[in-house]
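File shown: query_2.txt. Contents: compact mmCIF, C-alpha atoms and all ligand atoms.
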```txt
# COMPACT_ATOMS: atom_id res chain seq x y z
CA MET T 4 -89.21 -198.83 162.70
CA SER T 5 -88.15 -195.27 161.91
CA THR T 6 -89.29 -192.30 163.97
CA ALA T 7 -90.18 -190.27 160.86
CA PRO T 8 -93.68 -188.76 160.91
CA THR T 9 -96.23 -190.57 158.71
CA ALA T 10 -97.00 -189.27 155.22
CA GLN T 11 -100.51 -188.26 156.37
CA GLU T 12 -98.96 -186.24 159.22
CA GLN T 13 -96.44 -184.59 156.89
CA PHE T 14 -98.83 -183.82 154.05
CA ASP T 15 -101.67 -181.99 155.76
CA GLU T 16 -103.51 -179.23 153.90
CA ARG T 17 -100.90 -176.53 154.58
CA ALA T 18 -97.83 -178.63 153.72
CA SER T 19 -99.52 -180.09 150.63
CA GLY T 20 -100.29 -176.58 149.36
CA ALA T 21 -96.73 -175.41 150.08
CA LEU T 22 -95.16 -178.40 148.31
CA THR T 23 -97.44 -177.91 145.31
CA ALA T 24 -96.16 -174.32 144.99
CA VAL T 25 -92.55 -175.55 145.10
CA TYR T 26 -93.33 -178.23 142.49
CA LEU T 27 -94.68 -175.52 140.17
CA THR T 28 -91.43 -173.52 140.13
CA PRO T 29 -89.79 -173.46 136.67
CA ASP T 30 -86.83 -175.62 137.73
CA VAL T 31 -89.08 -178.40 139.04
CA VAL T 32 -91.34 -178.13 135.98
CA ALA T 33 -88.25 -178.65 133.80
CA GLN T 34 -87.14 -181.61 135.94
CA ARG T 35 -90.60 -183.19 135.63
CA ASP T 36 -90.49 -182.80 131.82
CA LYS T 37 -87.09 -184.54 131.67
CA VAL T 38 -88.33 -187.40 133.85
CA LEU T 39 -91.50 -187.86 131.78
CA ALA T 40 -89.40 -187.94 128.61
CA LEU T 41 -87.39 -190.83 130.09
CA LEU T 42 -90.58 -192.81 130.72
CA ALA T 43 -92.04 -191.81 127.33
CA PRO T 44 -95.69 -192.75 127.94
CA ARG T 45 -97.46 -193.70 124.71
CA GLU T 46 -100.89 -192.96 123.33
CA GLY T 47 -103.47 -195.44 124.68
CA GLU T 48 -101.34 -196.83 127.55
CA ARG T 49 -102.70 -197.60 131.03
CA ALA T 50 -100.60 -195.57 133.48
CA LEU T 51 -100.34 -195.52 137.27
CA ASP T 52 -99.03 -192.54 139.27
CA ILE T 53 -97.96 -193.88 142.66
CA GLY T 54 -97.92 -191.35 145.51
CA CYS T 55 -99.31 -188.88 142.99
CA GLY T 56 -99.31 -185.97 145.46
CA PRO T 57 -100.85 -182.85 143.91
CA GLY T 58 -101.40 -184.59 140.55
CA LEU T 59 -98.76 -182.76 138.54
CA THR T 60 -97.17 -185.96 137.23
CA THR T 61 -100.66 -187.45 136.81
CA GLU T 62 -101.58 -184.56 134.55
CA SER T 63 -98.40 -185.04 132.49
CA LEU T 64 -99.04 -188.79 132.21
CA ALA T 65 -102.59 -188.03 131.02
CA GLN T 66 -101.21 -185.83 128.26
CA GLY T 67 -98.86 -188.67 127.27
CA VAL T 68 -101.47 -191.43 127.06
CA GLY T 69 -104.24 -189.21 125.68
CA THR T 70 -107.96 -189.87 125.97
CA ARG T 71 -107.60 -193.38 124.54
CA GLY T 72 -105.44 -194.29 127.53
CA ARG T 73 -106.16 -194.09 131.24
CA VAL T 74 -104.33 -192.86 134.32
CA ARG T 75 -104.88 -193.83 137.92
CA GLY T 76 -103.35 -191.76 140.71
CA VAL T 77 -102.97 -193.19 144.19
CA ASP T 78 -101.93 -191.43 147.39
CA ILE T 79 -102.29 -191.94 151.14
CA ALA T 80 -102.74 -188.25 152.04
CA PRO T 81 -106.31 -186.95 151.61
CA ALA T 82 -105.10 -183.31 151.38
CA MET T 83 -102.86 -184.19 148.42
CA LEU T 84 -105.63 -186.13 146.70
CA SER T 85 -108.03 -183.17 146.89
CA ILE T 86 -105.47 -180.96 145.14
CA ALA T 87 -104.85 -183.69 142.53
CA ARG T 88 -108.59 -184.20 141.91
CA ARG T 89 -109.10 -180.47 141.35
CA ARG T 90 -106.09 -180.27 139.01
CA CYS T 91 -107.23 -183.19 136.83
CA ALA T 92 -111.01 -182.55 136.98
CA SER T 93 -111.25 -181.87 133.26
CA LEU T 94 -109.30 -184.98 132.22
CA PRO T 95 -111.75 -187.86 131.59
CA GLN T 96 -108.97 -190.47 131.41
CA VAL T 97 -107.85 -189.76 135.02
CA SER T 98 -109.17 -191.09 138.33
CA PHE T 99 -107.76 -191.28 141.85
CA GLU T 100 -107.78 -193.65 144.80
CA LEU T 101 -106.90 -193.08 148.44
CA ALA T 102 -104.61 -196.04 149.20
CA ASP T 103 -101.27 -197.15 150.57
CA VAL T 104 -98.62 -198.16 148.02
CA ALA T 105 -98.12 -201.26 150.16
CA ARG T 106 -101.59 -202.49 149.11
CA LEU T 107 -102.55 -201.19 145.68
CA PRO T 108 -106.25 -201.57 144.91
CA TYR T 109 -105.70 -203.02 141.41
CA ALA T 110 -105.68 -206.45 139.80
CA ASP T 111 -102.43 -208.09 138.65
CA ALA T 112 -100.92 -206.74 135.41
CA SER T 113 -103.37 -203.80 135.21
CA PHE T 114 -100.87 -201.23 133.91
CA ASP T 115 -98.45 -200.70 131.03
CA VAL T 116 -96.44 -198.02 132.86
CA ALA T 117 -96.05 -196.74 136.41
CA LEU T 118 -94.28 -193.72 137.84
CA ALA T 119 -93.42 -192.91 141.46
CA SER T 120 -91.65 -189.62 142.07
CA GLN T 121 -90.26 -188.99 145.55
CA VAL T 122 -92.45 -191.62 147.18
CA TYR T 123 -90.68 -194.86 148.14
CA GLU T 124 -88.33 -193.10 150.54
CA TYR T 125 -91.43 -192.52 152.71
CA VAL T 126 -92.36 -196.21 152.76
CA GLU T 127 -91.12 -198.36 155.64
CA ASP T 128 -91.31 -201.75 153.85
CA ILE T 129 -89.84 -200.76 150.50
CA ASP T 130 -89.22 -204.27 149.24
CA GLY T 131 -92.82 -205.30 149.93
CA ALA T 132 -94.05 -202.13 148.19
CA LEU T 133 -91.81 -202.76 145.16
CA ARG T 134 -93.18 -206.32 144.86
CA GLU T 135 -96.66 -204.78 144.97
CA LEU T 136 -95.64 -202.37 142.19
CA ALA T 137 -94.34 -205.27 140.09
CA ARG T 138 -97.59 -207.17 140.66
CA VAL T 139 -99.77 -204.50 139.04
CA ILE T 140 -97.54 -203.97 135.95
CA ARG T 141 -97.88 -206.33 133.00
CA PRO T 142 -94.82 -208.29 131.83
CA GLY T 143 -92.90 -205.99 129.48
CA GLY T 144 -94.39 -202.89 131.14
CA ARG T 145 -92.16 -200.09 132.50
CA ALA T 146 -91.73 -198.56 135.95
CA LEU T 147 -89.92 -195.30 136.62
CA LEU T 148 -88.94 -194.26 140.14
CA VAL T 149 -87.43 -190.93 141.14
CA ASP T 150 -85.65 -190.50 144.46
CA THR T 151 -83.23 -188.06 146.06
CA ASP T 152 -80.21 -188.46 148.27
CA TRP T 153 -79.67 -185.14 150.11
CA GLU T 154 -76.02 -186.11 150.58
CA SER T 155 -75.74 -185.02 146.93
CA ALA T 156 -76.69 -181.45 147.88
CA VAL T 157 -74.22 -178.63 147.29
CA TRP T 158 -75.62 -175.56 149.05
CA ALA T 159 -73.54 -172.42 149.54
CA SER T 160 -73.41 -171.15 153.12
CA HIS T 161 -71.25 -169.01 155.40
CA ASP T 162 -71.68 -171.76 158.02
CA ASP T 163 -71.17 -175.21 156.56
CA VAL T 164 -71.54 -176.93 159.93
CA ARG T 165 -75.01 -175.48 160.44
CA MET T 166 -75.92 -176.30 156.84
CA ARG T 167 -74.91 -179.93 157.35
CA ARG T 168 -76.93 -180.11 160.58
CA VAL T 169 -80.04 -178.82 158.82
CA ILE T 170 -79.68 -181.36 156.01
CA GLU T 171 -78.92 -184.24 158.39
CA THR T 172 -81.98 -183.31 160.41
CA TRP T 173 -84.13 -183.04 157.27
CA ASN T 174 -83.05 -186.61 156.42
CA GLU T 175 -85.02 -187.72 159.48
CA HIS T 176 -88.35 -186.78 157.84
CA ILE T 177 -88.26 -190.09 155.93
CA PRO T 178 -87.31 -193.65 156.87
CA HIS T 179 -85.03 -194.12 153.80
CA PRO T 180 -83.08 -190.91 153.04
CA GLN T 181 -80.43 -192.78 150.98
CA LEU T 182 -82.71 -195.05 148.99
CA PRO T 183 -81.08 -194.37 145.57
CA ARG T 184 -77.97 -196.24 146.71
CA THR T 185 -79.88 -199.56 146.86
CA LEU T 186 -82.82 -199.01 144.53
CA LYS T 187 -81.39 -200.64 141.40
CA ARG T 188 -80.82 -203.90 143.30
CA ARG T 189 -84.18 -203.68 145.04
CA MET T 190 -86.04 -203.12 141.77
CA THR T 191 -84.23 -206.04 140.16
CA GLN T 192 -85.10 -208.31 143.10
CA ALA T 193 -88.73 -207.16 142.98
CA GLY T 194 -89.15 -208.28 139.34
CA PHE T 195 -87.68 -205.63 137.02
CA ASP T 196 -84.97 -206.22 134.40
CA ASP T 197 -82.59 -203.84 132.64
CA VAL T 198 -82.85 -201.21 135.37
CA ARG T 199 -81.30 -198.02 133.97
CA VAL T 200 -80.22 -195.20 136.26
CA GLU T 201 -80.09 -191.54 135.23
CA VAL T 202 -79.39 -188.32 137.10
CA VAL T 203 -81.55 -185.24 136.72
CA PRO T 204 -80.02 -182.37 138.70
CA LEU T 205 -81.81 -179.38 140.13
CA LEU T 206 -79.62 -176.29 139.92
CA ASN T 207 -80.27 -172.81 141.36
CA VAL T 208 -77.61 -170.15 140.94
CA ALA T 209 -79.54 -167.13 142.25
CA TYR T 210 -81.56 -166.51 145.40
CA ASP T 211 -85.07 -166.55 143.94
CA PRO T 212 -88.22 -167.47 145.91
CA ASN T 213 -89.59 -169.02 142.71
CA THR T 214 -87.07 -171.86 142.75
CA TYR T 215 -86.96 -175.30 144.36
CA SER T 216 -84.26 -174.61 146.96
CA VAL T 217 -85.57 -171.30 148.27
CA GLY T 218 -89.11 -172.73 148.31
CA MET T 219 -87.95 -175.81 150.20
CA MET T 220 -86.18 -173.77 152.89
CA GLN T 221 -89.53 -173.22 154.58
CA MET T 222 -90.24 -176.98 154.75
CA LEU T 223 -86.72 -177.91 155.84
CA GLY T 224 -86.75 -175.15 158.45
CA ASN T 225 -90.17 -176.09 159.85
CA PHE T 226 -89.05 -179.68 160.23
CA ALA T 227 -85.58 -178.99 161.64
CA ALA T 228 -86.51 -176.31 164.19
CA GLY T 229 -86.63 -177.93 167.62
CA ARG T 230 -84.76 -181.08 166.52
CA ASN T 231 -81.13 -182.05 167.13
CA GLY T 232 -80.47 -178.84 169.07
CA LEU T 233 -81.48 -176.57 166.16
CA THR T 234 -83.56 -173.69 167.49
CA ALA T 235 -86.03 -171.48 165.64
CA ALA T 236 -83.36 -168.74 165.88
CA ASP T 237 -80.80 -171.03 164.19
CA ILE T 238 -83.23 -171.66 161.35
CA SER T 239 -83.97 -167.99 160.97
CA THR T 240 -80.21 -167.20 160.82
CA TRP T 241 -79.79 -170.03 158.29
CA LYS T 242 -82.46 -168.48 156.04
CA ASP T 243 -80.99 -164.96 156.43
CA ASP T 244 -77.59 -166.36 155.46
CA ALA T 245 -78.99 -167.76 152.19
CA ARG T 246 -80.47 -164.34 151.38
CA ALA T 247 -77.14 -162.67 152.21
CA ILE T 248 -75.21 -165.05 149.96
CA GLY T 249 -77.73 -164.29 147.24
CA ALA T 250 -77.15 -160.54 147.70
CA GLU T 251 -73.40 -161.16 147.37
CA GLY T 252 -74.05 -162.94 144.04
CA ASP T 253 -72.82 -166.32 145.29
CA TYR T 254 -76.06 -168.26 145.81
CA PHE T 255 -75.52 -171.87 144.68
CA PHE T 256 -77.66 -174.96 145.14
CA SER T 257 -77.60 -178.26 143.36
CA LEU T 258 -79.29 -181.55 144.19
CA ASN T 259 -79.44 -184.81 142.28
CA ARG T 260 -82.69 -186.57 141.49
CA PHE T 261 -81.91 -190.20 140.63
CA VAL T 262 -84.19 -191.83 138.08
CA PHE T 263 -84.57 -195.63 137.84
CA ILE T 264 -86.35 -197.19 134.86
CA GLY T 265 -86.99 -200.93 134.76
CA VAL T 266 -88.90 -203.37 132.58
CA ARG T 267 -91.22 -205.90 134.26
CA ARG T 268 -90.07 -209.50 133.73
C1 LIG G 301 -92.83 -185.62 148.09
S1 LIG G 301 -94.48 -186.00 147.65
C2 LIG G 301 -94.33 -186.32 145.90
C3 LIG G 301 -95.63 -186.15 145.16
C4 LIG G 301 -95.62 -186.51 143.67
N1 LIG G 301 -95.18 -187.85 143.42
C5 LIG G 301 -94.78 -185.54 142.87
O1 LIG G 301 -93.61 -185.83 142.59
O2 LIG G 301 -95.29 -184.47 142.52
C6 LIG G 301 -94.66 -187.64 148.32
C7 LIG G 301 -96.06 -188.19 148.16
O3 LIG G 301 -96.04 -189.61 148.47
C8 LIG G 301 -97.21 -189.91 149.22
N2 LIG G 301 -96.97 -191.13 149.99
C9 LIG G 301 -96.01 -191.33 150.93
N3 LIG G 301 -96.14 -192.58 151.44
C10 LIG G 301 -97.17 -193.17 150.82
C11 LIG G 301 -97.79 -194.46 150.93
N4 LIG G 301 -97.36 -195.37 151.80
N5 LIG G 301 -98.83 -194.73 150.12
C12 LIG G 301 -99.31 -193.80 149.24
N6 LIG G 301 -98.77 -192.55 149.10
C13 LIG G 301 -97.71 -192.24 149.88
C14 LIG G 301 -97.40 -188.68 150.08
O4 LIG G 301 -98.69 -188.60 150.63
C15 LIG G 301 -97.06 -187.55 149.09
O5 LIG G 301 -98.19 -187.12 148.37
```

What does this structure look like when you write it as C-alpha cells?
Ligand SMILES: C[S@@+](CC[C@H](N)C(=O)[O-])C[C@H]1O[C@@H](n2cnc3c(N)ncnc32)[C@H](O)[C@@H]1O
Amino acid sequence: MSTAPTAQEQFDERASGALTAVYLTPDVVAQRDKVLALLAPREGERALDIGCGPGLTTESLAQGVGTRGRVRGVDIAPAMLSIARRRCASLPQVSFELADVARLPYADASFDVALASQVYEYVEDIDGALRELARVIRPGGRALLVDTDWESAVWASHDDVRMRRVIETWNEHIPHPQLPRTLKRRMTQAGFDDVRVEVVPLLNVAYDPNTYSVGMMQMLGNFAAGRNGLTAADISTWKDDARAIGAEGDYFFSLNRFVFIGVRR
C-alpha cells in the first residue's frame, strides 16, 4: 500500500477550488480541447467521465454527444462533485454519481465512450479498476486515459537540486506517479485493443499566474513543505526563484500529458 493521502483527503473544498482554477487557465483549456479531439465523441453517444473532478471534461463531452446523447460523471470526492454539478446544471444530458472507479455503479456495456483524465494514478488497484472500466464499455466502444509522468518535466530553476526534490516529493501524492510507462500494456490486458499513445505537452514560457505551472506551484508547495526535509522556507525560496527567472525572461516549463486510446474487444 502507498502512503499517499486518499483522493477525498486531497480534494477537499479548498484544493478542489484551486485545481479548478488551474484547469481553467488557457494552456489547460487548449490541452483539454486536443484530448477531446482525440476521443472525438459523436452525437447521440453514451459517455462516461471517470474521476470527473470539477466537470470540465464532462461539460466538453456533453457538447460532443449533444442532447440526444448522455453523459455520466463519477468521482469519489464530494467537493469536486458539487463543483461539477453546478457547472453542468443546465445540461439535461448530464448526471453525476459519487462512487469509486473500482466499483462503477453501472451495468455491463452501458457506454460507447469513456474518458479518465489524471485519475488512474490515484487508484491503488489500477488493474482491477481498468477491468471495471472495460466492463462498462460496450464491445467496439472507446476509452481514453490521460496521465502524467512528472519525470518528463523541464522546469527552469537556479537550483536544480531543490527543483528535483520538490518534484520527487510531489510524486508521493499519488501511488502511481509513473503510470504512463505501463498503461498501454495494462489497458491491453484489461480488454482494450489497438491502444494508441499520443503526447500532449503543456508549455509555459513566461511567468504568468494564469498558467498551469505557476498555478500548480501552490499545490506542489503545500504538499512538499514539511516532507523529505523541505521546509516552508525552502518552498518560499523555490517560488521566489521562479518569479526571479521570469523577471530575467528565462521562465520555462514543459510537461507531457500522455494520452492512451483503446477500443474495447
Ligand atoms: C487531478 S483530478 C482530475 C479531474 C478531472 N478528471 C479533470 O481532468 O479535470 C483527479 C480526480 O480523480 C478523482 N479520483 C481519484 N481517485 C478516485 C477513485 N478511486 N474513484 C473516483 N474518483 C477518483 C479525484 O477525486 C479527482 O476529482

Practice problem: Within 6 Å of ligand LIG 301 (chain G), which residues show up when you count all atoms listed in the file? List them as a PyMOL selection string, please. | Solution: chain T and resi 10+14+54-57+59-60+78-80+83+102-104+119-122+125-126

Save the residues we just selected, C-alpha atoms, as a compact mmCIF listing (two decimals), keeping the file's coordinate frame?
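Dumped everything to out27.txt:
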```
# COMPACT_ATOMS: atom_id res chain seq x y z
CA ALA T 10 -97.00 -189.27 155.22
CA PHE T 14 -98.83 -183.82 154.05
CA GLY T 54 -97.92 -191.35 145.51
CA CYS T 55 -99.31 -188.88 142.99
CA GLY T 56 -99.31 -185.97 145.46
CA PRO T 57 -100.85 -182.85 143.91
CA LEU T 59 -98.76 -182.76 138.54
CA THR T 60 -97.17 -185.96 137.23
CA ASP T 78 -101.93 -191.43 147.39
CA ILE T 79 -102.29 -191.94 151.14
CA ALA T 80 -102.74 -188.25 152.04
CA MET T 83 -102.86 -184.19 148.42
CA ALA T 102 -104.61 -196.04 149.20
CA ASP T 103 -101.27 -197.15 150.57
CA VAL T 104 -98.62 -198.16 148.02
CA ALA T 119 -93.42 -192.91 141.46
CA SER T 120 -91.65 -189.62 142.07
CA GLN T 121 -90.26 -188.99 145.55
CA VAL T 122 -92.45 -191.62 147.18
CA TYR T 125 -91.43 -192.52 152.71
CA VAL T 126 -92.36 -196.21 152.76
```

Exercise. Skip T:Val25 itself and residues of its chain fewer than 3 positions away, then list as a VMD selection string all residues within 9 Å of it, counting all atoms listed in the file.
Key: chain T and resid 20 to 22 28 31 213 to 219

Self-check item: Nearby residues (all atoms listed in the file) at most 10 Å from T:Arg138, same-chain spacing under 2 positions excluded, as a VMD selection string
Solution: chain T and resid 107 109 to 114 132 to 136 140 to 142 193 to 194 267

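The coordinates place atom CA of T:Glu171 at 16.8 Å from atom CA of T:Arg184.
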
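Here the question is which of T:Thr151, T:Asn174, T:Gln192, T:Ser5 gets nearest to T:Arg230 using only C-alpha atoms, and that residue is T:Asn174.
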
Quiz item: Out of T:Asn259, T:Ser85, T:Thr61, T:Gln34, which residue has the shortest atom-to-atom distance to T:Glu16 when counting all atoms listed in the file?
Solution: T:Ser85

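Distances from T:Gln13, T:Thr6, T:Thr23, T:Ser63 to T:Leu118 were compared using only C-alpha atoms, and the smallest one belongs to T:Ser63.
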
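By chain and then residue number, the residues within 8 Å of T:Arg75 are T:Ala50, T:Leu51, T:Asp52, T:Thr61, T:Val97, T:Ser98, T:Phe99, T:Glu100, counting only C-alpha atoms and disregarding those fewer than 3 positions away in sequence.
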
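With all atoms listed in the file as the atoms that count, the minimum distance from T:Gln96 to the choices T:Asp130, T:Glu48, T:Asp197, T:Glu12 is reached by T:Glu48.
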
Write a file for stretch 244-257 of chain T of the given structure; include C-alpha atoms and format it as a PDB file, in the first residue's frame.
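Full text of result_9.pdb as output:
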```pdb
ATOM      1  CA  ASP T 244      13.205  31.753  -7.694  1.00  0.00           C
ATOM      2  CA  ALA T 245      10.546  31.013 -10.341  1.00  0.00           C
ATOM      3  CA  ARG T 246       9.429  34.651 -10.196  1.00  0.00           C
ATOM      4  CA  ALA T 247      13.047  35.820 -10.489  1.00  0.00           C
ATOM      5  CA  ILE T 248      13.674  33.607 -13.525  1.00  0.00           C
ATOM      6  CA  GLY T 249      10.502  35.038 -15.029  1.00  0.00           C
ATOM      7  CA  ALA T 250      11.782  38.588 -14.439  1.00  0.00           C
ATOM      8  CA  GLU T 251      15.032  37.623 -16.195  1.00  0.00           C
ATOM      9  CA  GLY T 252      12.988  36.448 -19.205  1.00  0.00           C
ATOM     10  CA  ASP T 253      14.035  32.802 -18.848  1.00  0.00           C
ATOM     11  CA  TYR T 254      10.925  31.172 -17.363  1.00  0.00           C
ATOM     12  CA  PHE T 255      10.472  27.737 -18.978  1.00  0.00           C
ATOM     13  CA  PHE T 256       8.177  24.857 -18.079  1.00  0.00           C
ATOM     14  CA  SER T 257       7.096  21.878 -20.077  1.00  0.00           C
TER      15      SER T 257
END
```
